[in-house]
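Just upload.txt here, compact mmCIF, C-alpha atoms:
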```txt
# COMPACT_ATOMS: atom_id res chain seq x y z
CA MET S 259 -34.95 34.13 -36.54
CA SER S 260 -32.71 31.10 -36.51
CA GLN S 261 -32.91 28.57 -33.72
CA PRO S 262 -29.83 28.19 -31.52
CA PRO S 263 -27.97 24.97 -32.22
CA ILE S 264 -29.15 22.11 -30.06
CA LYS S 265 -26.40 21.07 -27.68
CA PRO S 266 -25.94 17.35 -27.26
CA PRO S 267 -26.51 16.31 -23.64
CA ASN S 268 -23.32 16.09 -21.60
CA PRO S 269 -22.14 12.50 -21.64
CA LEU S 270 -22.12 10.84 -18.26
CA ALA S 271 -18.68 10.53 -16.72
CA LEU S 272 -16.88 8.97 -13.75
CA ARG S 273 -17.96 11.78 -11.42
CA ASP S 274 -21.62 11.13 -12.25
CA ALA S 275 -21.18 7.46 -11.40
CA LEU S 276 -19.49 8.32 -8.11
CA ARG S 277 -22.14 10.90 -7.27
CA GLN S 278 -24.78 8.23 -7.83
CA ALA S 279 -22.76 5.72 -5.77
CA SER S 280 -22.53 8.14 -2.83
CA THR S 281 -26.31 8.14 -2.44
CA ASP S 282 -27.33 4.72 -3.80
CA PRO S 283 -25.85 1.72 -1.97
CA ALA S 284 -26.92 -0.79 -4.64
CA PHE S 285 -25.24 1.28 -7.32
CA ALA S 286 -22.13 1.65 -5.13
CA ARG S 287 -21.94 -2.11 -4.79
CA ARG S 288 -22.18 -2.52 -8.56
CA LEU S 289 -19.47 0.07 -9.14
CA ILE S 290 -17.18 -1.65 -6.66
CA GLU S 291 -17.84 -5.21 -7.74
CA ASP S 292 -18.33 -4.86 -11.48
CA PRO S 293 -17.13 -1.50 -12.82
CA GLU S 294 -16.92 -2.91 -16.36
CA SER S 295 -20.71 -3.13 -16.43
CA LEU S 296 -20.83 0.69 -16.20
CA LYS S 297 -18.02 1.34 -18.65
CA GLU S 298 -20.11 2.36 -21.67
CA GLU S 299 -22.81 4.31 -19.84
CA TYR S 300 -20.30 6.40 -17.88
CA HIS S 301 -17.48 6.44 -20.42
CA LEU S 302 -15.02 4.90 -17.98
CA ALA S 303 -11.48 4.52 -19.35
CA ASP S 304 -9.60 1.28 -18.77
CA ASP S 305 -7.20 3.11 -16.44
CA THR S 306 -10.14 4.42 -14.43
CA ILE S 307 -11.61 0.95 -14.09
CA ALA S 308 -8.21 -0.33 -12.97
CA ASP S 309 -8.05 2.43 -10.35
CA ILE S 310 -11.55 1.62 -9.09
CA LYS S 311 -10.52 -2.04 -8.76
CA ARG S 312 -7.30 -1.09 -6.99
CA VAL S 313 -9.13 1.06 -4.44
CA ALA S 314 -11.89 -1.55 -3.98
CA GLY S 315 -9.17 -4.15 -3.44
CA GLU S 316 -7.71 -2.09 -0.60
CA LEU S 317 -11.01 -1.99 1.27
CA ASP S 318 -11.46 -4.57 3.96
CA ASP S 319 -14.82 -6.31 4.27
CA HIS S 320 -16.04 -3.88 6.91
CA ALA S 321 -15.20 -0.82 4.81
CA LEU S 322 -16.73 -2.41 1.72
CA GLU S 323 -19.97 -3.01 3.58
CA ALA S 324 -19.89 0.54 4.95
CA VAL S 325 -19.55 2.09 1.50
CA ALA S 326 -22.01 -0.23 -0.22
CA GLY S 327 -24.42 0.09 2.68
CA GLY S 328 -24.29 3.87 2.71
CA LEU S 329 -22.90 4.02 6.24
CA VAL S 330 -20.54 6.58 7.66
CA GLN S 331 -16.83 6.11 7.03
CA PRO S 332 -14.51 8.45 8.91
CA SER S 333 -11.57 10.00 7.10
CA GLY S 334 -8.52 7.83 6.70
CA GLY S 335 -6.40 8.06 9.80
CA GLY S 336 -6.71 10.27 12.83
CA TYR S 337 -6.27 10.11 16.58
CA GLU S 338 -8.02 7.27 18.36
CA MET N 212 -30.65 18.38 26.35
CA VAL N 213 -27.67 16.34 25.25
CA LYS N 214 -27.66 15.88 21.52
CA LYS N 215 -26.91 12.48 20.08
CA LEU N 216 -23.94 12.34 17.75
CA GLN N 217 -24.77 11.67 14.14
CA LEU N 218 -24.62 8.05 13.09
CA SER N 219 -25.91 8.52 9.57
CA LEU N 220 -25.86 11.43 7.21
CA ALA N 221 -28.37 13.03 4.88
CA PRO N 222 -27.36 13.10 1.17
CA ARG N 223 -26.34 16.78 1.33
CA GLU N 224 -23.95 15.97 4.15
CA ARG N 225 -22.36 13.24 2.04
CA SER N 226 -20.19 15.97 0.55
CA LEU N 227 -18.77 17.00 3.95
CA PRO N 228 -15.62 15.52 5.46
CA ARG N 229 -16.15 13.41 8.54
CA PHE N 230 -13.65 13.12 11.35
CA ASN N 231 -12.69 10.74 14.12
CA SER N 232 -11.75 13.59 16.39
CA LEU N 233 -10.68 17.23 16.62
CA LEU N 234 -7.66 18.78 18.33
CA VAL N 235 -8.33 22.07 20.13
CA SER N 236 -5.23 23.98 21.20
CA VAL N 237 -5.97 25.70 24.50
CA THR N 238 -2.71 27.64 24.56
CA GLU N 239 0.63 27.86 22.83
CA ALA N 240 2.40 28.51 26.11
CA CYS N 241 4.23 25.71 27.90
CA ASN N 242 6.29 25.78 31.08
CA VAL N 243 8.43 22.78 30.18
CA GLY N 244 10.28 23.96 27.07
CA CYS N 245 11.60 20.72 25.58
CA ALA N 246 14.50 20.66 23.13
CA HIS N 247 12.43 18.89 20.45
CA CYS N 248 9.35 21.09 20.64
CA GLY N 249 8.49 24.40 19.06
CA PHE N 250 6.54 25.59 22.10
CA ILE N 251 9.40 27.07 23.99
CA GLY N 252 7.64 28.46 26.99
CA SER N 253 6.57 31.83 25.73
CA SER N 254 3.10 33.08 26.51
CA ARG N 255 1.19 34.43 23.53
CA ASP N 256 -1.41 37.12 23.19
CA ARG N 257 -3.57 35.41 20.62
CA GLU N 258 -5.30 32.96 22.94
CA ALA N 259 -9.08 32.73 22.94
CA GLU N 260 -11.17 33.37 26.04
CA ALA N 261 -12.89 30.36 27.61
CA GLU N 262 -16.34 31.26 26.24
CA GLU N 263 -15.09 31.69 22.69
CA MET N 264 -13.20 28.39 22.72
CA ALA N 265 -16.20 26.60 24.19
CA GLY N 266 -18.20 28.00 21.27
CA TRP N 267 -15.79 26.38 18.81
CA VAL N 268 -16.10 23.08 20.65
CA ASP N 269 -19.87 23.40 20.52
CA GLN N 270 -19.80 23.97 16.76
CA ALA N 271 -17.57 20.94 16.21
CA CYS N 272 -19.87 18.74 18.29
CA GLU N 273 -22.87 20.06 16.37
CA TYR N 274 -21.04 19.13 13.16
CA GLY N 275 -20.73 15.56 14.41
CA VAL N 276 -17.12 15.25 15.60
CA PRO N 277 -17.30 12.41 18.15
CA THR N 278 -14.11 13.13 20.14
CA ILE N 279 -12.63 16.45 21.23
CA ILE N 280 -8.94 16.39 22.19
CA PHE N 281 -7.51 19.38 24.05
CA THR N 282 -3.87 20.11 23.44
CA GLY N 283 -1.33 22.92 23.55
CA GLY N 284 1.32 24.03 24.48
CA GLU N 285 0.36 22.81 27.91
CA PRO N 286 -3.44 22.95 28.18
CA PHE N 287 -3.40 22.70 31.99
CA MET N 288 -1.67 26.12 32.08
CA ARG N 289 -5.00 27.72 31.07
CA PHE N 290 -7.07 25.57 33.35
CA GLU N 291 -10.31 27.56 33.36
CA THR N 292 -10.41 27.52 29.56
CA LEU N 293 -9.69 23.81 29.56
CA GLU N 294 -12.32 23.20 32.23
CA LYS N 295 -14.96 25.06 30.22
CA GLY N 296 -14.03 23.25 27.01
CA VAL N 297 -14.13 19.82 28.63
CA ALA N 298 -17.53 20.56 30.21
CA THR N 299 -18.95 21.81 26.89
CA ALA N 300 -17.79 18.77 24.93
CA ALA N 301 -18.98 16.37 27.63
CA ALA N 302 -22.42 18.02 27.75
CA ARG N 303 -22.64 17.44 24.01
CA GLY N 304 -22.04 13.72 24.51
CA ALA N 305 -18.56 13.75 22.95
CA ARG N 306 -15.64 11.73 24.19
CA VAL N 307 -13.14 14.15 25.71
CA ALA N 308 -9.39 13.71 25.74
CA CYS N 309 -6.49 15.89 26.79
CA PHE N 310 -2.76 16.00 26.20
CA THR N 311 -0.47 17.02 29.04
CA SER N 312 3.16 16.99 30.10
CA SER N 313 2.03 16.12 33.69
CA ASN N 314 4.35 18.89 34.90
CA TRP N 315 1.57 20.23 37.12
CA ALA N 316 1.11 16.91 38.99
CA SER N 317 3.78 17.39 41.64
CA SER N 318 1.94 15.12 44.08
CA LEU N 319 -0.74 12.47 43.95
CA ASP N 320 -3.07 14.79 45.86
CA GLU N 321 -2.52 17.54 43.32
CA ALA N 322 -3.26 15.12 40.49
CA ARG N 323 -6.45 13.99 42.27
CA ARG N 324 -7.60 17.57 42.85
CA THR N 325 -6.94 18.67 39.29
CA LEU N 326 -8.50 15.69 37.52
CA GLY N 327 -11.44 15.97 39.93
CA ARG N 328 -12.26 19.33 38.32
CA LEU N 329 -12.51 17.71 34.89
CA PRO N 330 -15.30 15.15 35.33
CA GLY N 331 -16.08 14.97 31.60
CA LEU N 332 -12.59 13.77 30.71
CA THR N 333 -12.60 10.24 29.24
CA GLN N 334 -9.06 9.91 27.89
CA LEU N 335 -5.55 11.17 28.58
CA TYR N 336 -2.56 11.48 26.27
CA LEU N 337 0.55 11.83 28.42
CA SER N 338 3.54 13.22 26.55
CA SER N 339 6.58 11.40 27.83
CA ASP N 340 10.00 11.12 26.26
CA VAL N 341 13.60 11.87 27.04
CA PHE N 342 13.01 15.53 26.18
CA HIS N 343 10.08 16.02 28.58
CA GLN N 344 11.67 13.95 31.31
CA ARG N 345 14.74 16.20 31.45
CA LYS N 346 12.36 18.73 33.05
CA VAL N 347 9.40 16.70 34.33
CA PRO N 348 10.06 13.92 36.87
CA TYR N 349 8.59 10.55 35.92
CA ARG N 350 6.93 10.66 39.35
CA ASN N 351 4.62 13.43 38.08
CA VAL N 352 3.42 11.27 35.20
CA TYR N 353 2.89 8.34 37.58
CA ASN N 354 0.82 10.65 39.81
CA VAL N 355 -1.48 11.41 36.87
CA ILE N 356 -1.79 7.75 35.94
CA GLU N 357 -2.63 6.72 39.51
CA ALA N 358 -5.12 9.56 40.06
CA ALA N 359 -6.78 8.78 36.72
CA HIS N 360 -7.07 5.10 37.62
CA GLU N 361 -8.70 6.01 40.93
CA ARG N 362 -11.31 7.93 38.94
CA GLN N 363 -11.83 4.93 36.63
CA LEU N 364 -10.32 6.99 33.83
CA ARG N 365 -8.47 4.12 32.23
CA ASP N 366 -8.00 5.22 28.63
CA ILE N 367 -4.45 6.52 28.92
CA THR N 368 -1.93 6.70 26.10
CA ILE N 369 1.74 7.43 26.68
CA CYS N 370 2.96 9.45 23.68
CA ILE N 371 6.66 8.91 23.11
CA THR N 372 8.51 11.11 20.64
CA TYR N 373 11.99 9.83 19.91
CA THR N 374 15.03 10.35 17.74
CA THR N 375 16.54 6.89 18.26
CA ASP N 376 15.13 3.49 19.08
CA GLU N 377 17.31 3.39 22.21
CA GLU N 378 15.54 6.48 23.55
CA ARG N 379 12.14 5.01 22.76
CA ALA N 380 12.94 1.78 24.58
CA SER N 381 14.29 3.56 27.66
CA VAL N 382 11.14 5.67 28.06
CA ARG N 383 8.87 2.71 27.52
CA ALA N 384 10.72 0.75 30.19
CA ALA N 385 9.93 3.50 32.70
CA TYR N 386 6.27 2.52 32.45
CA ASP N 387 6.74 -1.20 32.99
CA PRO N 388 4.86 -1.15 36.35
CA TYR N 389 1.79 0.28 34.61
CA ALA N 390 2.25 -1.21 31.13
CA SER N 391 -0.75 -3.53 31.20
CA SER N 392 -3.08 -0.58 31.80
CA LEU N 393 -1.60 1.83 29.28
CA ARG N 394 -1.49 2.28 25.54
CA PHE N 395 1.60 3.58 23.82
CA HIS N 396 1.93 5.82 20.80
CA GLU N 397 5.46 6.11 19.51
CA ASP N 398 6.59 8.36 16.69
CA ARG N 399 9.72 10.00 15.38
CA VAL N 400 10.24 13.63 16.23
CA ILE N 401 9.27 16.16 13.57
CA PRO N 402 12.15 18.62 13.22
CA ASN N 403 11.36 22.31 13.71
CA PRO N 404 13.40 25.52 13.60
CA HIS N 405 14.35 25.09 17.29
CA PHE N 406 15.57 21.55 16.81
CA GLY N 407 19.33 21.26 17.17
CA VAL N 408 21.39 20.01 14.23
CA LYS N 409 23.26 17.74 16.66
CA LEU N 410 20.04 15.90 17.47
CA LEU N 411 19.25 15.52 13.78
CA ARG N 412 22.69 14.06 13.08
CA ARG N 413 22.47 11.32 15.68
CA GLN N 414 18.92 10.18 15.01
CA ASP N 415 17.79 6.93 13.39
CA PRO N 416 17.93 6.70 9.56
CA LEU N 417 15.63 9.02 7.63
CA LEU N 418 13.03 8.16 5.01
CA ALA N 419 13.90 8.84 1.37
CA PRO N 420 11.62 10.93 -0.88
CA HIS N 421 9.99 7.91 -2.53
CA PRO N 422 6.21 7.30 -2.40
CA GLU N 423 6.62 3.67 -1.34
CA GLU N 424 8.26 4.85 1.90
CA TYR N 425 5.00 6.48 3.03
CA SER N 426 1.44 5.49 3.78
CA CYS N 427 -1.78 7.02 2.42
CA ALA N 428 -3.08 7.09 5.99
CA CYS N 429 -2.03 9.84 8.38
CA TRP N 430 -3.54 12.07 11.09
CA ILE N 431 -5.73 14.04 8.70
CA GLY N 432 -8.83 12.48 10.23
CA THR N 433 -8.15 14.80 13.17
CA PRO N 434 -8.15 18.49 12.21
CA MET N 435 -6.90 21.12 14.65
CA ILE N 436 -8.05 24.52 15.88
CA ASN N 437 -5.31 26.91 17.03
CA PRO N 438 -5.88 29.43 19.87
CA ASP N 439 -6.23 32.21 17.26
CA ALA N 440 -9.21 30.36 15.70
CA ASP N 441 -7.25 29.13 12.67
CA VAL N 442 -8.37 25.67 11.56
CA PHE N 443 -5.88 23.32 9.93
CA SER N 444 -6.31 19.88 8.43
CA CYS N 445 -4.20 18.17 11.10
CA HIS N 446 -1.62 18.73 13.85
CA ILE N 447 0.56 20.56 11.33
CA ALA N 448 -1.32 23.51 12.86
CA LYS N 449 1.27 23.52 15.63
CA ALA N 450 3.91 24.81 13.20
CA ALA N 451 1.77 27.92 12.74
CA ALA N 452 2.66 29.02 16.26
CA HIS N 453 5.84 30.43 14.75
CA ARG N 454 4.96 31.49 11.22
CA ASP N 455 1.99 32.33 9.07
CA PHE N 456 1.18 29.15 7.19
CA ARG N 457 -2.23 30.16 5.87
CA GLU N 458 -1.17 29.61 2.28
CA LEU N 459 -0.54 25.91 2.88
CA PRO N 460 -3.11 23.38 1.65
CA HIS N 461 -3.45 22.33 5.30
CA TYR N 462 -5.06 25.66 6.22
CA LEU N 463 -8.84 25.45 6.14
CA GLY N 464 -10.12 28.76 7.55
CA ASN N 465 -10.61 30.88 10.66
CA LEU N 466 -13.50 30.47 13.07
CA ARG N 467 -13.71 34.22 13.66
CA GLU N 468 -14.54 34.63 9.95
CA HIS N 469 -16.65 31.54 9.26
CA GLY N 470 -18.42 28.84 11.25
CA PHE N 471 -17.00 25.31 11.51
CA LEU N 472 -19.65 23.95 9.13
CA GLU N 473 -18.96 26.64 6.54
CA ILE N 474 -15.22 26.05 6.76
CA MET N 475 -15.76 22.36 6.12
CA GLU N 476 -18.18 23.05 3.26
CA ARG N 477 -15.59 25.30 1.60
CA SER N 478 -12.76 22.85 2.29
CA SER N 479 -14.71 19.95 0.82
CA ARG N 480 -14.70 21.76 -2.53
CA ARG N 481 -10.92 22.15 -2.54
CA ALA N 482 -8.97 19.65 -4.61
CA ASP N 483 -5.73 20.25 -2.66
CA TYR N 484 -7.33 19.41 0.69
CA GLN N 485 -9.19 16.42 -0.73
CA PHE N 486 -5.93 15.22 -2.28
CA LEU N 487 -4.33 15.26 1.18
CA ARG N 488 -7.32 13.43 2.67
CA THR N 489 -7.40 10.71 0.03
CA HIS N 490 -3.73 10.27 -0.82
CA GLY N 491 -1.92 11.29 2.37
CA PRO N 492 1.88 11.45 2.58
CA ARG N 493 2.27 8.86 -0.18
CA GLY N 494 0.47 11.20 -2.56
CA VAL N 495 2.62 14.15 -1.49
CA ALA N 496 5.76 12.07 -2.06
CA GLN N 497 4.61 11.54 -5.67
CA LEU N 498 5.46 15.21 -6.18
CA PHE N 499 9.17 14.29 -6.07
CA ASP N 500 8.59 12.15 -9.18
CA ARG N 501 6.83 15.03 -10.93
CA ASN N 502 9.52 17.60 -10.04
CA PRO N 503 13.06 16.16 -9.80
CA ASP N 504 14.33 19.49 -8.38
CA LEU N 505 11.88 19.45 -5.47
CA MET N 506 14.21 17.75 -2.99
CA GLN N 507 16.73 20.52 -3.57
CA ALA N 508 14.05 23.12 -2.69
CA VAL N 509 12.93 21.23 0.42
CA HIS N 510 16.38 20.27 1.62
CA THR N 511 17.90 22.14 4.54
CA PRO N 512 21.45 21.75 5.87
CA GLY N 513 21.85 18.67 8.00
CA ARG N 514 18.84 16.91 6.52
CA GLY N 515 18.95 14.22 3.88
CA GLY N 516 15.45 12.84 4.31
CA PHE N 517 12.41 12.87 6.55
CA THR N 518 11.59 11.41 9.94
CA ASN N 519 8.02 10.44 9.01
CA GLY N 520 5.15 11.23 6.67
CA CYS N 521 4.13 14.37 8.56
CA ASP N 522 7.65 15.76 8.37
CA MET N 523 7.80 15.10 4.61
CA CYS N 524 4.29 16.42 3.87
CA PHE N 525 4.86 19.65 5.77
CA SER N 526 8.43 20.17 4.53
CA VAL N 527 7.30 19.87 0.90
CA LEU N 528 4.14 21.96 1.06
CA ALA N 529 5.72 24.71 3.17
CA THR N 530 7.83 25.61 0.13
CA PRO N 531 6.51 27.60 -2.87
CA GLU N 532 8.08 24.95 -5.13
CA GLY N 533 6.16 22.20 -3.35
CA ARG N 534 2.86 24.03 -3.66
CA ALA N 535 3.51 24.82 -7.34
CA THR N 536 4.26 21.17 -8.01
CA LEU N 537 1.07 20.15 -6.19
CA ALA N 538 -0.95 22.59 -8.34
CA GLU N 539 0.59 21.09 -11.47
CA HIS N 540 -0.19 17.58 -10.18
CA LEU N 541 -3.81 18.46 -9.45
CA ALA N 542 -4.27 19.86 -12.97
CA ASN N 543 -3.86 16.30 -14.28
CA SER N 544 -7.33 14.84 -14.86
CA ALA N 545 -6.17 11.38 -13.80
CA VAL N 546 -5.25 12.77 -10.37
CA GLY N 547 -8.70 14.37 -10.11
CA ASP N 548 -10.30 11.04 -10.96
CA ALA N 549 -8.18 9.30 -8.32
CA ILE N 550 -9.30 11.82 -5.68
CA ASP N 551 -12.95 11.28 -6.64
CA ILE N 552 -12.66 7.48 -6.60
CA ARG N 553 -11.09 7.49 -3.14
CA LEU N 554 -13.51 10.06 -1.74
CA THR N 555 -16.46 7.89 -2.66
CA LEU N 556 -15.16 4.34 -2.40
CA GLN N 557 -12.83 4.74 0.60
CA LEU N 558 -14.59 7.45 2.58
CA GLY N 559 -18.20 7.03 1.45
CA GLU N 560 -18.45 10.70 0.46
CA ALA N 561 -19.59 12.46 -2.71
CA PRO N 562 -16.89 13.22 -5.30
CA LEU N 563 -15.65 16.78 -5.75
CA PRO N 564 -18.27 19.09 -7.26
CA ASP N 565 -17.79 20.19 -10.88
CA SER N 566 -17.09 23.66 -9.50
CA ALA N 567 -14.24 22.39 -7.31
CA SER N 568 -11.36 24.79 -6.79
CA PRO N 569 -7.73 23.69 -6.90
CA SER N 570 -6.77 25.45 -3.65
CA SER N 571 -7.84 27.65 -0.76
CA SER N 572 -6.95 30.91 -2.51
CA VAL N 573 -9.44 30.10 -5.29
CA SER N 574 -12.21 28.87 -2.96
CA GLU N 575 -12.20 32.18 -1.08
CA GLN N 576 -13.28 34.07 -4.24
```
Please re-express this file's structure in structure tokens.
Amino acid sequence: MSQPPIKPPNPLALRDALRQASTDPAFARRLIEDPESLKEEYHLADDTIADIKRVAGELDDHALEAVAGGLVQPSGGGYE
Amino acid sequence: MVKKLQLSLAPRERSLPRFNSLLVSVTEACNVGCAHCGFIGSSRDREAEAEEMAGWVDQACEYGVPTIIFTGGEPFMRFETLEKGVATAAARGARVACFTSSNWASSLDEARRTLGRLPGLTQLYLSSDVFHQRKVPYRNVYNVIEAAHERQLRDITICITYTTDEERASVRAAYDPYASSLRFHEDRVIPNPHFGVKLLRRQDPLLAPHPEEYSCACWIGTPMINPDADVFSCHIAKAAAHRDFRELPHYLGNLREHGFLEIMERSSRRADYQFLRTHGPRGVAQLFDRNPDLMQAVHTPGRGGFTNGCDMCFSVLATPEGRATLAEHLANSAVGDAIDIRLTLQLGEAPLPDSASPSSSVSEQ
């Protein structure tokens, strides 16, 4: 009986990096501050890195700390 | 025992949307009947009983919503339901706000008596504009302000809806004697089927269908429950008083079918809803670039643009063409990546799951 072909493991992708960032503040900080350092491991395209930098650039210091520190951020906007 | 509101979330809850506040519509009836408003004074038979609505408030507080805002119609017209809702939210430790026209406050004593029955109330939103004040004397609004101040209820926002800057300024001037103790929220009117074409023609210039005209931020941090238990992403819910809008991306579920937590769990897996949360009106305006014929589909006689982001977002997604263009947009992997990046880096939430559905119709399967 022949063995089924061995599937290569799924390569890591942007969503894996973000999933990790949502639970690991140190990783989130690295993704925000130096996305290029994760480019090969997570197969991040240049456009994706540019988008990460654009979004990170829009965060003020408080929001940046909240994300990197794993704190709660409410949805954008809403009644106050 | 009063439960503390959540200040931090477990990893599983990282995938759930978090909100600043929640609107709860007590009734769709209103006894003012303003020219700019869709609630034209009719009473409806789909209103929840006080106990049921209090149950929805309880679920939202359990979920972690820090502020419950009662609205309508005119919420003071169903006072016992409002009273029960306010007491439930306050017992849960939430901040409690309420919109009103102030029409009921015909004297200072009446305002004192009525507010005295709502001890959990911490904030008031007083709707005041040229439309309301054709029916409601300014004196009534002043009565509410003065009675609230006597009760040390000092978080009061005057909500001015206007078609021209002249109107806005005239209403604001009426509050000069109280201005230092009030906040003001001013926004353009959102046209509805009852809104006269004459009013539309004389209003301030409209916004063009270009993304740069709109912000990514909007009121989507405040979802809304209608009196029939329908939950929508934002105050667009009010449009559903007239028509069935459950196929819009703004529709999240019904509390008679699912609990608040389950509705939010399902919604968090929907790319269309997460697109609205992360990209807002600016993202919706990108649909005009994707489909050059979209403005023709959205356009109605007398309208050449939009009063604000809410008007544009709703006008586009209320059309089949708008929803089809959104579906096409969401099928682009770059758009999916952009949603994921913003969910995690802007909102501190997990990205969409690999099993994410493009819309509500798919997530129900």
Can you tell me which residues surround Glu299 (chain S) at a distance of at most 9 Å, considering only C-alpha atoms, apart from same-chain residues fewer than 3 positions away, and format the answer as an MDAnalysis selection string?
chainID S and resid 269:271 295:296 302
Any chance you can output those residues with C-alpha atoms as a PDB file, keeping the file's coordinate frame?
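Once written, part-v6.pdb looks like this:
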```pdb
ATOM      1  CA  PRO S 269     -22.140  12.500 -21.640  1.00  0.00           C
ATOM      2  CA  LEU S 270     -22.120  10.840 -18.260  1.00  0.00           C
ATOM      3  CA  ALA S 271     -18.680  10.530 -16.720  1.00  0.00           C
ATOM      4  CA  SER S 295     -20.710  -3.130 -16.430  1.00  0.00           C
ATOM      5  CA  LEU S 296     -20.830   0.690 -16.200  1.00  0.00           C
ATOM      6  CA  LEU S 302     -15.020   4.900 -17.980  1.00  0.00           C
TER       7      LEU S 302
END
```
With the cut-off set at 6 Å and counting all atoms listed in the file, tabulate each residue of chain N with an atom at most that distance from an atom of chain S, showing the nearest atom pair and its distance in Å to one decimal, ordered by chain and increasing number, as a Markdown table.
```
| residue | atom | partner | partner_atom | distance |
| --- | --- | --- | --- | --- |
| N:Arg229 | CA | S:Pro332 | CA | 5.2 |
| N:Phe230 | CA | S:Pro332 | CA | 5.3 |
| N:Asn231 | CA | S:Pro332 | CA | 6.0 |
| N:Ala428 | CA | S:Gly335 | CA | 5.1 |
| N:Cys429 | CA | S:Gly335 | CA | 4.9 |
| N:Trp430 | CA | S:Gly336 | CA | 4.0 |
| N:Ile431 | CA | S:Gly336 | CA | 5.7 |
| N:Gly432 | CA | S:Gly336 | CA | 4.0 |
| N:Thr433 | CA | S:Gly336 | CA | 4.8 |
| N:Leu558 | CA | S:Gln331 | CA | 5.2 |
| N:Gly559 | CA | S:Val325 | CA | 5.1 |
| N:Glu560 | CA | S:Ser280 | CA | 5.8 |
| N:Ala561 | CA | S:Ser280 | CA | 5.2 |
```
Top pick for closest residue to Ser226 (chain N), considering N:His490, N:His396, N:Arg501, N:Arg480 and counting all atoms listed in the file:
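Selected residue with least distance to Ser226 (chain N): N:Arg480.
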One-decimal distance in Å that lies between CA of Leu335 (chain N) and CA of Tyr353 (chain N):
12.7 Å
Fewer than 2 positions away in the same chain doesn't count, so skip those; otherwise give me all residues within 10 Å of Phe342 (chain N), counting all atoms listed in the file, as a compact mmCIF listing (two decimals) with C-alpha atoms, in the frame of the given file.
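Final output, saved to result_31.txt:
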```txt
# COMPACT_ATOMS: atom_id res chain seq x y z
CA VAL N 243 8.43 22.78 30.18
CA GLY N 244 10.28 23.96 27.07
CA CYS N 245 11.60 20.72 25.58
CA ALA N 246 14.50 20.66 23.13
CA HIS N 247 12.43 18.89 20.45
CA CYS N 248 9.35 21.09 20.64
CA SER N 338 3.54 13.22 26.55
CA SER N 339 6.58 11.40 27.83
CA ASP N 340 10.00 11.12 26.26
CA GLN N 344 11.67 13.95 31.31
CA ARG N 345 14.74 16.20 31.45
CA LYS N 346 12.36 18.73 33.05
CA VAL N 347 9.40 16.70 34.33
CA ILE N 371 6.66 8.91 23.11
CA THR N 372 8.51 11.11 20.64
CA TYR N 373 11.99 9.83 19.91
CA GLU N 378 15.54 6.48 23.55
```
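Separating CA of His360 (chain N) from CA of Tyr389 (chain N) is a distance of 10.5 Å.
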So how many Å separate CA of Ala535 (chain N) and CA of Asp398 (chain N), to one decimal?
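Between CA of Ala535 (chain N) and CA of Asp398 (chain N) the gap is 29.3 Å.
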Close residues, His510 (chain N) itself excluded, 10 Å, all atoms listed in the file, min 5 positions apart in chain, as a PyMOL selection string
chain N and resi 505+515-517+526-527
Give as a list in words every residue, naming chains and numbers as the document does, that has an atom within 6 Å of (14.3, 18.6, 2.6), counting all atoms listed in the file.
Met506, Val509, His510 and Thr511 of chain N
Selected residues, C-alpha atoms, written as an mmCIF file, in the coordinates of the input, please.
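again_27.cif, written as the output of this step:
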```cif
data_model
loop_
_atom_site.group_PDB
_atom_site.id
_atom_site.type_symbol
_atom_site.label_atom_id
_atom_site.label_comp_id
_atom_site.auth_asym_id
_atom_site.auth_seq_id
_atom_site.Cartn_x
_atom_site.Cartn_y
_atom_site.Cartn_z
ATOM 1 C CA MET N 506 14.210 17.750 -2.990
ATOM 2 C CA VAL N 509 12.930 21.230 0.420
ATOM 3 C CA HIS N 510 16.380 20.270 1.620
ATOM 4 C CA THR N 511 17.900 22.140 4.540
#
```
